[in-house]
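Student: Can you read through this structure? Questions will come right after.
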Amino acid sequence: MKLWTLLSFVAAYQQVLLAESNILVVFPHVYYSHFKETARLVSKIGTYGYNVTFVTPFPTQLENAHQGITEISIEGIVEPLKDYVANFYQTENTWYSYWSHLKYTKDIGYEYAQKVLENENVTKLISSSSQFDLVIIEDVSADALTILSHIFKCPLVVLLSEPLGIFYDNYVTDITPSKQYNEIRSMHHWAFKELFRELNTLPAQNRLARKFLPSAPDLRNIMYDTSLVLMPSYEILTYLVPKYPHVKQIGGFNRAESNKPEIEAENASASLVVVSKNIPSYIFEKLLDIPSLKFIYTSQVSDVIRQERVDLLIGDGDVYDIASAMARRVKVLIISRNYWHQSFLIDKLVDERMALQVSIEDDFKKIVEAVNYLMNDAESVFKVMRAWTLMNIEQPEGDQTMGWLEHVLFYKGASHLRPSNLRSSLLHNRITVIIILIIVDLALFLLFYWIIIHFHKVLRHAVLKVCGAIRRFIKRRAQPQTTISYIPIDEKKFRI
């Protein structure tokens with residue numbers, strides 16, 4: 001009984017200590033679908049009685065706002081960044097290469113960081129006497145924003161709002177036995193990505209941070225001491241597990257759509273297809289030639305789906321758009337840009353035939369065939385209903401997330417959660433691994449080249465011998481079978 005009383009006293013004392021905590025939340029993503037989902041975490045923090053300063057491009061639109069939440073508007077960054085993203089997606093040659101997506105990630109991250117830090121309201125916040133006990137920043141590849149953690153001298157928590165894909169393979173691992181070869185491939189992707197970050201992305205972000213704070217430390221010292229990384233998870237992706245103890249899965253996003261009313265049948269439009277503006281305009285123009293279908297080309301996919309009776313969504317795999325569609329039994333066709341833009345969730349939906357996927361590199365006839373197939377396939381609706389159920393299974397995201405945030409607040413950081421090999425501020429361990437990986441790859445290439453040069457005659461002879469044997473086998477199989485009949489001979493007539 002005494003032990004229980006002591007534990008109760010400690011818990012109550014902890015709540016008293018944390019009750020007056022000030023939390024700075026910076027969610028700068030300029031698309032409302034991201035705001036709608038991630039802002040629920042802000043409302044959840046508010047219900048626990050914390051003082052929250054919320055930096056957002058969508059002020060006054062927070063549902064379930066509480067008295068302790070103060071909003072700081074950065075709505076001026078929305079249109080410039082949306083224009084930048086739209087220009088990237090409309091450039092046909094940017095859809096294919098890994099290099100172009102690395103460069104895009106670097107450029108859009110720089111644009112985000114620069115526009116947020118240059119915002120007048122953010123500048124006033126930085127120069128004010130405000131004090132915070134925790135900073136939560138949404139990951140938009142804007143590494144310079146982590147300087148806020150240094151300015152206010154408090155722990156840093158990062159929220160990943162994008163669907164899990166190959167660019168997050170440094171946070172999660174696939175434990176499926178048949179997919180272990182992906183870990184080798186991911187190691188090479190990670191090495192190339194880290195080299196690009198070390199030589200290109202981080203120097204630019206460091207220069208930007210020191211432009212606003214000349215005494216700013218190397219951003220590596222801040223980022224690699226991040227106390228907590230919060231990431232989405234789905235019941236359908238149970239085979240993806242965090243690689244490190246400080247990475248926490250907090251459940252799937254996109255559940256708010258399930259509470260929206262269904263559209264009345266009299267508002268329905270016959271055979272209406274919504275095409276996301278993430279799809280290049282030249283593809284949309286070709287789609288207009290498909291007869292008996294009405295097309296809407298928009299960046300506000302979820303709004304159109306809420307207002308109209310839509311039969312089909314054609315998008316690039318945006319999970320928020322797909323969630324809006326599946327909540328209203330809308331079939332989904334994904335036109336993938338390239339392998340690097342895939343997400344684990346979309347791959348799973350396609351594997352389970354809950355969505356159909358084609359490549360932008362496919363012949364346009366294949367895209368038309370996919371559209372016609374979905375428009376005429378009655379079973380697709382039931383597959384979409386099942387997909388929506390799997391995407392929206394409740395997980396204990398609220399209380400679990402708050403438990404970890406309070407853990408960081410109470411200990412004023414959570415460096416004990418991070419593995420020792422990630423605490424190196426200058427990434428010496430990572431750079432060593434990258435160099436070793438490159439040396440091994442180079443050695444294997446040279447070995448293969450040496451074998452080809454020195455044994456090309458032997459290899460050529462072996463290849464020709466195998467090809468000859470295959471050719472003779474095929475030739476024998478192709479020849480008609482002939483039968484030889486034997487006439488019995490009377491040996492007595494021919495005896496000498």
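So you can find residues: chains in the structure tokens are A, B, ... in the order shown, residues in each start at 1, and ligands are numbered from 1 in order.
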So which residues touch His416 of chain A within 12 Å, counting only C-alpha atoms, skipping near sequence neighbours fewer than 3 positions away, as JSON, numbers by chain?

Tutor: {"A": [225, 226, 227, 228, 244, 245, 246, 407, 408, 411, 412, 413, 419, 420, 422, 423]}

Student: With only C-alpha atoms as the counted atoms, please give the residues lying no more than 8 Å from Leu117 of chain A, apart from itself and same-chain residues fewer than 4 positions off, as a VMD selection string.

Tutor: chain A and resid 113 122 to 123 145 212

Student: Would you mind reading off the distance between atom CA of Tyr297 of chain A and atom CA of Ser324 of chain A, one decimal, in Å?

Tutor: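 Interatomic distance, atom CA of Tyr297 of chain A to atom CA of Ser324 of chain A: 16.1 Å.
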
Student: Would you list the contacts of Ile69 of chain A as an MDAnalysis selection string, taking every protein, DNA or RNA residue within 9 Å and counting only C-alpha atoms, but skipping same-chain residues closer than 3 positions in sequence?

Tutor: chainID A and resid 42:43 46 50:54 65:66

Student: Those same residues - C-alpha atoms - I'd like them written as a short mmCIF file (atom, residue, chain, number, x, y, z; two decimals), in the first residue's frame.

Tutor:
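Output file part.cif is given in full below:
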data_model
loop_
_atom_site.label_atom_id
_atom_site.label_comp_id
_atom_site.auth_asym_id
_atom_site.auth_seq_id
_atom_site.Cartn_x
_atom_site.Cartn_y
_atom_site.Cartn_z
CA VAL A 42 -1.99 19.71 -31.72
CA SER A 43 -5.56 19.44 -30.46
CA GLY A 46 -4.13 21.02 -25.95
CA TYR A 50 -0.10 22.36 -22.12
CA ASN A 51 0.61 25.83 -23.47
CA VAL A 52 1.00 25.31 -27.22
CA THR A 53 2.33 27.83 -29.73
CA PHE A 54 1.27 26.52 -33.14
CA ALA A 65 -9.08 24.37 -30.45
CA HIS A 66 -8.35 24.82 -26.75
#

Student: Taking into account only C-alpha atoms, which residue in the set A:Val273, A:Leu125, A:Leu349, A:Ile250 is nearest to Met402 of chain A?

Tutor: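 Of the candidates, the smallest distance to Met402 of chain A is held by A:Ile250.
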
Student: Measuring between only C-alpha atoms, which one of A:Ala86, A:Val116, A:Leu208, A:Met375 shows the shortest distance to His29 of chain A?

Tutor: A:Val116

Student: So, counting only C-alpha atoms, which residue among A:Val30, A:Ile151, A:Ile175, A:Val275 is closest to Ser215 of chain A?

Tutor: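 Selected residue with least distance to Ser215 of chain A: A:Ile151.
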